[in-house]
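Structure file start06.pdb; described as PDB, C-alpha atoms, pLDDT in the B column.
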```pdb
ATOM      1  CA  MET Q   1      56.209 -33.509 -64.199  1.00 58.00           C
ATOM      2  CA  SER Q   2      55.698 -29.769 -64.297  1.00 69.00           C
ATOM      3  CA  LEU Q   3      53.398 -28.149 -61.779  1.00 70.00           C
ATOM      4  CA  PRO Q   4      49.934 -27.315 -63.058  1.00 78.00           C
ATOM      5  CA  ALA Q   5      48.664 -23.792 -62.542  1.00 87.00           C
ATOM      6  CA  GLU Q   6      46.953 -23.500 -59.178  1.00 90.00           C
ATOM      7  CA  LYS Q   7      43.774 -22.090 -60.693  1.00 94.00           C
ATOM      8  CA  GLU Q   8      43.506 -24.978 -63.161  1.00 95.00           C
ATOM      9  CA  LEU Q   9      44.113 -27.567 -60.448  1.00 95.00           C
ATOM     10  CA  ARG Q  10      41.503 -26.001 -58.175  1.00 96.00           C
ATOM     11  CA  THR Q  11      39.031 -25.851 -61.066  1.00 97.00           C
ATOM     12  CA  VAL Q  12      39.439 -29.556 -61.846  1.00 97.00           C
ATOM     13  CA  LEU Q  13      39.164 -30.434 -58.143  1.00 97.00           C
ATOM     14  CA  ALA Q  14      35.935 -28.420 -57.875  1.00 98.00           C
ATOM     15  CA  ARG Q  15      34.522 -30.070 -61.008  1.00 98.00           C
ATOM     16  CA  PHE Q  16      35.435 -33.500 -59.615  1.00 98.00           C
ATOM     17  CA  ALA Q  17      33.839 -32.743 -56.230  1.00 98.00           C
ATOM     18  CA  ASP Q  18      30.669 -31.490 -57.916  1.00 98.00           C
ATOM     19  CA  ALA Q  19      30.479 -34.525 -60.213  1.00 98.00           C
ATOM     20  CA  ARG Q  20      31.123 -36.904 -57.300  1.00 98.00           C
ATOM     21  CA  PHE Q  21      28.431 -35.248 -55.183  1.00 98.00           C
ATOM     22  CA  ARG Q  22      25.829 -35.236 -57.968  1.00 97.00           C
ATOM     23  CA  HIS Q  23      26.598 -38.842 -58.913  1.00 98.00           C
ATOM     24  CA  ASP Q  24      26.379 -40.013 -55.297  1.00 97.00           C
ATOM     25  CA  LEU Q  25      23.109 -38.106 -54.808  1.00 97.00           C
ATOM     26  CA  LEU Q  26      21.371 -39.334 -57.972  1.00 97.00           C
ATOM     27  CA  PRO Q  27      23.385 -41.661 -60.213  1.00 97.00           C
ATOM     28  CA  THR Q  28      22.535 -41.360 -63.893  1.00 97.00           C
ATOM     29  CA  GLY Q  29      24.344 -42.115 -67.113  1.00 98.00           C
ATOM     30  CA  GLN Q  30      25.162 -38.409 -67.444  1.00 98.00           C
ATOM     31  CA  SER Q  31      26.517 -38.128 -63.893  1.00 97.00           C
ATOM     32  CA  SER Q  32      28.595 -41.253 -64.444  1.00 98.00           C
ATOM     33  CA  ARG Q  33      30.126 -39.811 -67.626  1.00 98.00           C
ATOM     34  CA  GLU Q  34      30.855 -36.472 -65.921  1.00 98.00           C
ATOM     35  CA  LEU Q  35      32.488 -38.222 -62.974  1.00 98.00           C
ATOM     36  CA  GLU Q  36      34.563 -40.380 -65.316  1.00 98.00           C
ATOM     37  CA  GLU Q  37      35.614 -37.358 -67.374  1.00 98.00           C
ATOM     38  CA  THR Q  38      36.651 -35.279 -64.372  1.00 98.00           C
ATOM     39  CA  SER Q  39      38.424 -38.261 -62.824  1.00 98.00           C
ATOM     40  CA  ARG Q  40      40.483 -38.710 -66.003  1.00 98.00           C
ATOM     41  CA  ALA Q  41      41.265 -34.982 -66.113  1.00 97.00           C
ATOM     42  CA  LEU Q  42      42.388 -35.003 -62.481  1.00 97.00           C
ATOM     43  CA  CYS Q  43      44.562 -38.076 -63.017  1.00 97.00           C
ATOM     44  CA  ALA Q  44      46.106 -36.586 -66.154  1.00 96.00           C
ATOM     45  CA  MET Q  45      46.816 -33.269 -64.456  1.00 94.00           C
ATOM     46  CA  THR Q  46      48.503 -34.915 -61.463  1.00 94.00           C
ATOM     47  CA  GLY Q  47      50.170 -37.808 -63.290  1.00 94.00           C
ATOM     48  CA  ALA Q  48      48.348 -40.315 -61.076  1.00 97.00           C
ATOM     49  CA  ARG Q  49      46.855 -43.661 -62.017  1.00 97.00           C
ATOM     50  CA  THR Q  50      43.900 -43.681 -59.614  1.00 98.00           C
ATOM     51  CA  VAL Q  51      41.556 -41.030 -58.268  1.00 97.00           C
ATOM     52  CA  GLU Q  52      42.824 -41.674 -54.736  1.00 98.00           C
ATOM     53  CA  GLU Q  53      46.415 -41.058 -55.852  1.00 98.00           C
ATOM     54  CA  ALA Q  54      45.313 -38.007 -57.832  1.00 98.00           C
ATOM     55  CA  LEU Q  55      43.594 -36.452 -54.812  1.00 98.00           C
ATOM     56  CA  ALA Q  56      46.613 -37.054 -52.591  1.00 98.00           C
ATOM     57  CA  THR Q  57      48.924 -35.654 -55.274  1.00 96.00           C
ATOM     58  CA  ALA Q  58      46.672 -32.621 -55.748  1.00 96.00           C
ATOM     59  CA  ASP Q  59      46.824 -31.923 -52.001  1.00 96.00           C
ATOM     60  CA  ALA Q  60      50.616 -32.153 -52.087  1.00 95.00           C
ATOM     61  CA  LEU Q  61      50.814 -29.907 -55.161  1.00 92.00           C
ATOM     62  CA  LEU Q  62      48.584 -27.280 -53.555  1.00 94.00           C
ATOM     63  CA  GLU Q  63      50.753 -27.343 -50.442  1.00 94.00           C
ATOM     64  CA  GLN Q  64      53.858 -26.924 -52.612  1.00 90.00           C
ATOM     65  CA  LEU Q  65      52.261 -24.001 -54.448  1.00 87.00           C
ATOM     66  CA  ARG Q  66      51.350 -22.398 -51.090  1.00 89.00           C
ATOM     67  CA  ALA Q  67      54.906 -22.877 -49.843  1.00 90.00           C
ATOM     68  CA  ASN Q  68      56.295 -21.331 -53.027  1.00 85.00           C
ATOM     69  CA  ARG Q  69      53.953 -18.369 -52.642  1.00 84.00           C
ATOM     70  CA  ARG Q  70      55.013 -17.900 -49.003  1.00 86.00           C
ATOM     71  CA  ALA Q  71      58.683 -18.010 -50.005  1.00 86.00           C
ATOM     72  CA  VAL Q  72      58.141 -15.354 -52.659  1.00 83.00           C
ATOM     73  CA  THR Q  73      56.151 -13.196 -50.253  1.00 76.00           C
ATOM     74  CA  GLY Q  74      58.849 -13.556 -47.623  1.00 70.00           C
ATOM     75  CA  SER Q  75      61.548 -12.572 -50.116  1.00 64.00           C
ATOM     76  CA  SER Q  76      59.532  -9.531 -51.194  1.00 60.00           C
ATOM     77  CA  ARG Q  77      59.157  -8.407 -47.586  1.00 63.00           C
ATOM     78  CA  ALA Q  78      62.869  -8.836 -46.947  1.00 59.00           C
ATOM     79  CA  LEU Q  79      63.694  -6.763 -50.020  1.00 57.00           C
ATOM     80  CA  ALA Q  80      61.276  -4.029 -48.955  1.00 57.00           C
ATOM     81  CA  ALA Q  81      62.841  -3.751 -45.495  1.00 56.00           C
TER      82      ALA Q  81
END
```
Let me see the structure of the file written as structure tokens.
Amino acid sequence: MSLPAEKELRTVLARFADARFRHDLLPTGQSSRELEETSRALCAMTGARTVEEALATADALLEQLRANRRAVTGSSRALAA
């Protein structure tokens, strides 16, 4: 699986969190559909089969993206020195 863009992953996570919050606060047919849609998008983006797996995978992917960014930043600093 290729890594999703960090911005896209964060956007889907934010949409999921918003949908989850609104559905938990006041469940409606619309909130249920939005939660289902964002759950599917998150699962598809992370290659997971459940929302729980998708959230754990998203956390791991974000950590990997942070580590990659730190490695690039560290290399840039070494080159500048």
Close residues, Glu52 of chain Q itself excluded, 12 Å, all atoms listed in the file, min 6 positions apart in chain, as a ChimeraX atom specification: /Q:39-40,42-43,46,58-59
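Nearest residue to Arg20 of chain Q, choosing from Q:Thr38, Q:Thr50, Q:Thr57, Q:Thr73 and counting all atoms listed in the file: Q:Thr38.
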Shell around segment 25-35 of chain Q at 12 Å using all atoms listed in the file, local window under 5 positions removed, as an MDAnalysis selection string: chainID Q and resid 12:20 40:42 51
Take every atom of segment 18-33 of chain Q listed in the file, fit an axis-aligned box around them, add 3 Å per side, and give the centre and edge lengths in Å to one decimal as AutoDock Vina command-line options.
```
--center_x 26.2 --center_y -36.8 --center_z -61.2 --size_x 15.8 --size_y 16.6 --size_z 18.8
```
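Excluding Leu61 of chain Q and any residue on its chain fewer than 5 positions from it, the residues at most 9 Å away by all atoms listed in the file are Leu3, Pro4, Glu6, Leu9, Thr46, Ala56 and Arg66 of chain Q.
Rounded to one decimal, atom CA of Glu8 of chain Q and atom CA of Met45 of chain Q lie 9.0 Å from each other.
Across the model, the gap from atom CA of Ala48 of chain Q to atom CA of Glu63 of chain Q is 16.9 Å.
We find atom CA of Leu65 of chain Q and atom CA of Arg22 of chain Q to be spaced 28.9 Å apart.
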Where atoms are missing, can you supply all heavy atoms for segment 16-27 of chain Q and output the lot as a PDB file, in the coordinates of the input?
```pdb
ATOM      1  N   PHE Q  16      35.475 -32.118 -60.091  1.00 98.00           N
ATOM      2  CA  PHE Q  16      35.435 -33.500 -59.615  1.00 98.00           C
ATOM      3  C   PHE Q  16      34.508 -33.608 -58.400  1.00 98.00           C
ATOM      4  O   PHE Q  16      33.665 -34.517 -58.332  1.00 98.00           O
ATOM      5  CB  PHE Q  16      36.837 -34.007 -59.256  1.00 98.00           C
ATOM      6  CG  PHE Q  16      36.807 -35.345 -58.578  1.00 98.00           C
ATOM      7  CD1 PHE Q  16      36.660 -36.504 -59.322  1.00 98.00           C
ATOM      8  CD2 PHE Q  16      36.899 -35.439 -57.198  1.00 98.00           C
ATOM      9  CE1 PHE Q  16      36.603 -37.742 -58.692  1.00 98.00           C
ATOM     10  CE2 PHE Q  16      36.839 -36.669 -56.564  1.00 98.00           C
ATOM     11  CZ  PHE Q  16      36.697 -37.835 -57.316  1.00 98.00           C
ATOM     12  N   ALA Q  17      34.664 -32.699 -57.441  1.00 98.00           N
ATOM     13  CA  ALA Q  17      33.839 -32.743 -56.230  1.00 98.00           C
ATOM     14  C   ALA Q  17      32.357 -32.595 -56.585  1.00 98.00           C
ATOM     15  O   ALA Q  17      31.509 -33.315 -56.041  1.00 98.00           O
ATOM     16  CB  ALA Q  17      34.268 -31.652 -55.260  1.00 98.00           C
ATOM     17  N   ASP Q  18      32.058 -31.694 -57.495  1.00 98.00           N
ATOM     18  CA  ASP Q  18      30.669 -31.490 -57.916  1.00 98.00           C
ATOM     19  C   ASP Q  18      30.122 -32.744 -58.606  1.00 98.00           C
ATOM     20  O   ASP Q  18      29.011 -33.187 -58.304  1.00 98.00           O
ATOM     21  CB  ASP Q  18      30.591 -30.278 -58.847  1.00 98.00           C
ATOM     22  CG  ASP Q  18      29.173 -29.968 -59.256  1.00 98.00           C
ATOM     23  OD1 ASP Q  18      28.337 -29.731 -58.359  1.00 98.00           O
ATOM     24  OD2 ASP Q  18      28.898 -29.969 -60.473  1.00 98.00           O
ATOM     25  N   ALA Q  19      30.910 -33.313 -59.503  1.00 98.00           N
ATOM     26  CA  ALA Q  19      30.479 -34.525 -60.213  1.00 98.00           C
ATOM     27  C   ALA Q  19      30.298 -35.686 -59.237  1.00 98.00           C
ATOM     28  O   ALA Q  19      29.318 -36.440 -59.340  1.00 98.00           O
ATOM     29  CB  ALA Q  19      31.491 -34.893 -61.300  1.00 98.00           C
ATOM     30  N   ARG Q  20      31.211 -35.829 -58.292  1.00 98.00           N
ATOM     31  CA  ARG Q  20      31.123 -36.904 -57.300  1.00 98.00           C
ATOM     32  C   ARG Q  20      29.860 -36.754 -56.454  1.00 98.00           C
ATOM     33  O   ARG Q  20      29.116 -37.708 -56.222  1.00 98.00           O
ATOM     34  CB  ARG Q  20      32.369 -36.862 -56.407  1.00 98.00           C
ATOM     35  CG  ARG Q  20      32.376 -37.842 -55.244  1.00 98.00           C
ATOM     36  CD  ARG Q  20      32.935 -39.176 -55.643  1.00 98.00           C
ATOM     37  NE  ARG Q  20      31.831 -40.075 -55.926  1.00 98.00           N
ATOM     38  CZ  ARG Q  20      31.955 -41.263 -56.493  1.00 98.00           C
ATOM     39  NH1 ARG Q  20      33.139 -41.700 -56.859  1.00 98.00           N
ATOM     40  NH2 ARG Q  20      30.938 -42.029 -56.700  1.00 98.00           N
ATOM     41  N   PHE Q  21      29.603 -35.517 -56.008  1.00 98.00           N
ATOM     42  CA  PHE Q  21      28.431 -35.248 -55.183  1.00 98.00           C
ATOM     43  C   PHE Q  21      27.145 -35.549 -55.956  1.00 98.00           C
ATOM     44  O   PHE Q  21      26.260 -36.246 -55.457  1.00 98.00           O
ATOM     45  CB  PHE Q  21      28.453 -33.789 -54.716  1.00 98.00           C
ATOM     46  CG  PHE Q  21      27.233 -33.397 -53.940  1.00 98.00           C
ATOM     47  CD1 PHE Q  21      27.079 -33.792 -52.630  1.00 98.00           C
ATOM     48  CD2 PHE Q  21      26.236 -32.649 -54.535  1.00 98.00           C
ATOM     49  CE1 PHE Q  21      25.952 -33.447 -51.905  1.00 98.00           C
ATOM     50  CE2 PHE Q  21      25.099 -32.292 -53.825  1.00 98.00           C
ATOM     51  CZ  PHE Q  21      24.951 -32.695 -52.504  1.00 98.00           C
ATOM     52  N   ARG Q  22      27.038 -35.025 -57.181  1.00 97.00           N
ATOM     53  CA  ARG Q  22      25.829 -35.236 -57.968  1.00 97.00           C
ATOM     54  C   ARG Q  22      25.626 -36.707 -58.302  1.00 97.00           C
ATOM     55  O   ARG Q  22      24.498 -37.211 -58.272  1.00 97.00           O
ATOM     56  CB  ARG Q  22      25.847 -34.383 -59.231  1.00 97.00           C
ATOM     57  CG  ARG Q  22      25.524 -32.922 -58.925  1.00 97.00           C
ATOM     58  CD  ARG Q  22      25.345 -32.029 -60.138  1.00 97.00           C
ATOM     59  NE  ARG Q  22      26.633 -31.775 -60.790  1.00 97.00           N
ATOM     60  CZ  ARG Q  22      26.983 -32.289 -61.969  1.00 97.00           C
ATOM     61  NH1 ARG Q  22      26.165 -33.036 -62.639  1.00 97.00           N
ATOM     62  NH2 ARG Q  22      28.160 -32.012 -62.478  1.00 97.00           N
ATOM     63  N   HIS Q  23      26.712 -37.418 -58.597  1.00 98.00           N
ATOM     64  CA  HIS Q  23      26.598 -38.842 -58.913  1.00 98.00           C
ATOM     65  C   HIS Q  23      26.196 -39.647 -57.675  1.00 98.00           C
ATOM     66  O   HIS Q  23      25.385 -40.569 -57.765  1.00 98.00           O
ATOM     67  CB  HIS Q  23      27.903 -39.378 -59.499  1.00 98.00           C
ATOM     68  CG  HIS Q  23      27.813 -40.803 -59.906  1.00 98.00           C
ATOM     69  ND1 HIS Q  23      27.068 -41.224 -60.998  1.00 98.00           N
ATOM     70  CD2 HIS Q  23      28.342 -41.923 -59.372  1.00 98.00           C
ATOM     71  CE1 HIS Q  23      27.162 -42.542 -61.113  1.00 98.00           C
ATOM     72  NE2 HIS Q  23      27.926 -42.986 -60.135  1.00 98.00           N
ATOM     73  N   ASP Q  24      26.746 -39.301 -56.523  1.00 97.00           N
ATOM     74  CA  ASP Q  24      26.379 -40.013 -55.297  1.00 97.00           C
ATOM     75  C   ASP Q  24      24.928 -39.732 -54.900  1.00 97.00           C
ATOM     76  O   ASP Q  24      24.244 -40.605 -54.375  1.00 97.00           O
ATOM     77  CB  ASP Q  24      27.306 -39.620 -54.144  1.00 97.00           C
ATOM     78  CG  ASP Q  24      28.697 -40.229 -54.285  1.00 97.00           C
ATOM     79  OD1 ASP Q  24      28.896 -41.108 -55.151  1.00 97.00           O
ATOM     80  OD2 ASP Q  24      29.593 -39.799 -53.536  1.00 97.00           O
ATOM     81  N   LEU Q  25      24.469 -38.507 -55.165  1.00 97.00           N
ATOM     82  CA  LEU Q  25      23.109 -38.106 -54.808  1.00 97.00           C
ATOM     83  C   LEU Q  25      22.073 -38.781 -55.706  1.00 97.00           C
ATOM     84  O   LEU Q  25      21.073 -39.315 -55.221  1.00 97.00           O
ATOM     85  CB  LEU Q  25      22.982 -36.585 -54.904  1.00 97.00           C
ATOM     86  CG  LEU Q  25      21.698 -35.962 -54.410  1.00 97.00           C
ATOM     87  CD1 LEU Q  25      21.535 -36.210 -52.920  1.00 97.00           C
ATOM     88  CD2 LEU Q  25      21.712 -34.458 -54.684  1.00 97.00           C
ATOM     89  N   LEU Q  26      22.310 -38.756 -57.020  1.00 97.00           N
ATOM     90  CA  LEU Q  26      21.371 -39.334 -57.972  1.00 97.00           C
ATOM     91  C   LEU Q  26      22.149 -39.859 -59.178  1.00 97.00           C
ATOM     92  O   LEU Q  26      22.384 -39.129 -60.143  1.00 97.00           O
ATOM     93  CB  LEU Q  26      20.353 -38.279 -58.428  1.00 97.00           C
ATOM     94  CG  LEU Q  26      19.282 -38.743 -59.405  1.00 97.00           C
ATOM     95  CD1 LEU Q  26      18.396 -39.817 -58.772  1.00 97.00           C
ATOM     96  CD2 LEU Q  26      18.441 -37.560 -59.854  1.00 97.00           C
ATOM     97  N   PRO Q  27      22.581 -41.107 -59.116  1.00 97.00           N
ATOM     98  CA  PRO Q  27      23.385 -41.661 -60.213  1.00 97.00           C
ATOM     99  C   PRO Q  27      22.579 -41.799 -61.503  1.00 97.00           C
ATOM    100  O   PRO Q  27      21.489 -42.357 -61.497  1.00 97.00           O
ATOM    101  CB  PRO Q  27      23.828 -43.030 -59.699  1.00 97.00           C
ATOM    102  CG  PRO Q  27      23.220 -43.232 -58.375  1.00 97.00           C
ATOM    103  CD  PRO Q  27      22.380 -42.058 -58.036  1.00 97.00           C
TER     104      PRO Q  27
END
```
